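Take a look at the structure below.
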Amino acid sequence: MSTETIDAQLESIIREYCPDLEPHISIHPDDNLKDFGLNSVGTIGILVAVEQAFNVALSDEDLSFETFKSIRSLRLTVLKYLA
């Protein structure tokens with residue numbers, strides 16, 4: 001799976017859980033998702049959606065603010081499980 005494909009899937013998931021992210025706003029892979037209104041409830045939603053979309057189960061060590069900081073950090077975490 002290419003990084004572009006992973007990023008596109010992650011962006012789609014993130015758009016569901018970031019209330020301040022308008023459809024016309026583009027997301028850079030390093031943008032901080034908190035800037036788009038991501039909160040703890042949204043983070044849990046993203047966690048569940050990512051695990052389902054990529055058929056992975058994140059370990060406790062990956063359940064951190066750093067993992068859910070940006071598309072890039074999420075992609076790197078997902079890639080660990082897909083390898």
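Within each chain, counting starts at residue 1; across the structure tokens, chains are named A, B, ... in the order shown, with ligands numbered 1 upward in that order.
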Determine, for each residue of stretch 5-33 of chain A having at least one atom at most 8 Å from an atom of stretch 44-53 of chain A, the closest pair of atoms and their separation in Å to one decimal, counting only C-alpha atoms; order by chain and ascending number, as a tab-separated table.
```
residue	atom	partner	partner_atom	distance
A:Gln9	CA	A:Ala53	CA	8.0
A:Leu10	CA	A:Val50	CA	7.4
A:Ile13	CA	A:Ile46	CA	6.4
A:Ile14	CA	A:Ile46	CA	6.5
A:Tyr17	CA	A:Gly45	CA	6.8
```
Do you know which residues are at most 9 Å from A:Asp7 counting only C-alpha atoms, after dropping those on the same chain fewer than 6 positions away, and could you put them as a PyMOL selection string? chain A and resi 29+71-72+74-75
Prev. selection, N, CA, C and O atoms, output as an mmCIF file, in the first residue's frame:
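As a result, selection27.cif now contains:
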```cif
data_model
loop_
_atom_site.group_PDB
_atom_site.id
_atom_site.type_symbol
_atom_site.label_atom_id
_atom_site.label_comp_id
_atom_site.auth_asym_id
_atom_site.auth_seq_id
_atom_site.Cartn_x
_atom_site.Cartn_y
_atom_site.Cartn_z
ATOM 1 N N PRO A 29 0.511 16.809 5.649
ATOM 2 C CA PRO A 29 0.823 15.661 6.507
ATOM 3 C C PRO A 29 1.367 16.020 7.890
ATOM 4 O O PRO A 29 1.231 15.231 8.828
ATOM 5 N N ILE A 71 -1.251 13.541 10.288
ATOM 6 C CA ILE A 71 -1.384 12.450 9.327
ATOM 7 C C ILE A 71 -0.071 11.680 9.245
ATOM 8 O O ILE A 71 -0.066 10.449 9.215
ATOM 9 N N ARG A 72 1.046 12.384 9.235
ATOM 10 C CA ARG A 72 2.343 11.711 9.129
ATOM 11 C C ARG A 72 2.577 10.765 10.306
ATOM 12 O O ARG A 72 2.984 9.621 10.131
ATOM 13 N N LEU A 74 0.362 9.345 12.226
ATOM 14 C CA LEU A 74 -0.550 8.214 12.095
ATOM 15 C C LEU A 74 -0.074 7.240 11.018
ATOM 16 O O LEU A 74 -0.117 6.026 11.202
ATOM 17 N N ARG A 75 0.375 7.787 9.874
ATOM 18 C CA ARG A 75 0.870 6.923 8.792
ATOM 19 C C ARG A 75 2.038 6.086 9.257
ATOM 20 O O ARG A 75 2.095 4.874 9.011
#
```
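The residue that comes closest to A:Ala83, out of A:Val56, A:Leu38, A:Cys18, A:Ala8 and on the basis of only C-alpha atoms, is A:Val56.
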Check chain A with DSSP on the backbone and list each residue it calls alpha helix (DSSP H), as a ChimeraX atom specification. /A:3-17,40-54,71-82
Which residues come within 10 Å of A:Leu79, counting only C-alpha atoms, excluding same-chain residues fewer than 2 positions away, as a count of residues only? 13
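Proximity ranking of A:Glu61, A:Gly42, A:Ser70, A:Glu4 relative to A:His28 places A:Ser70 first, based on only C-alpha atoms.
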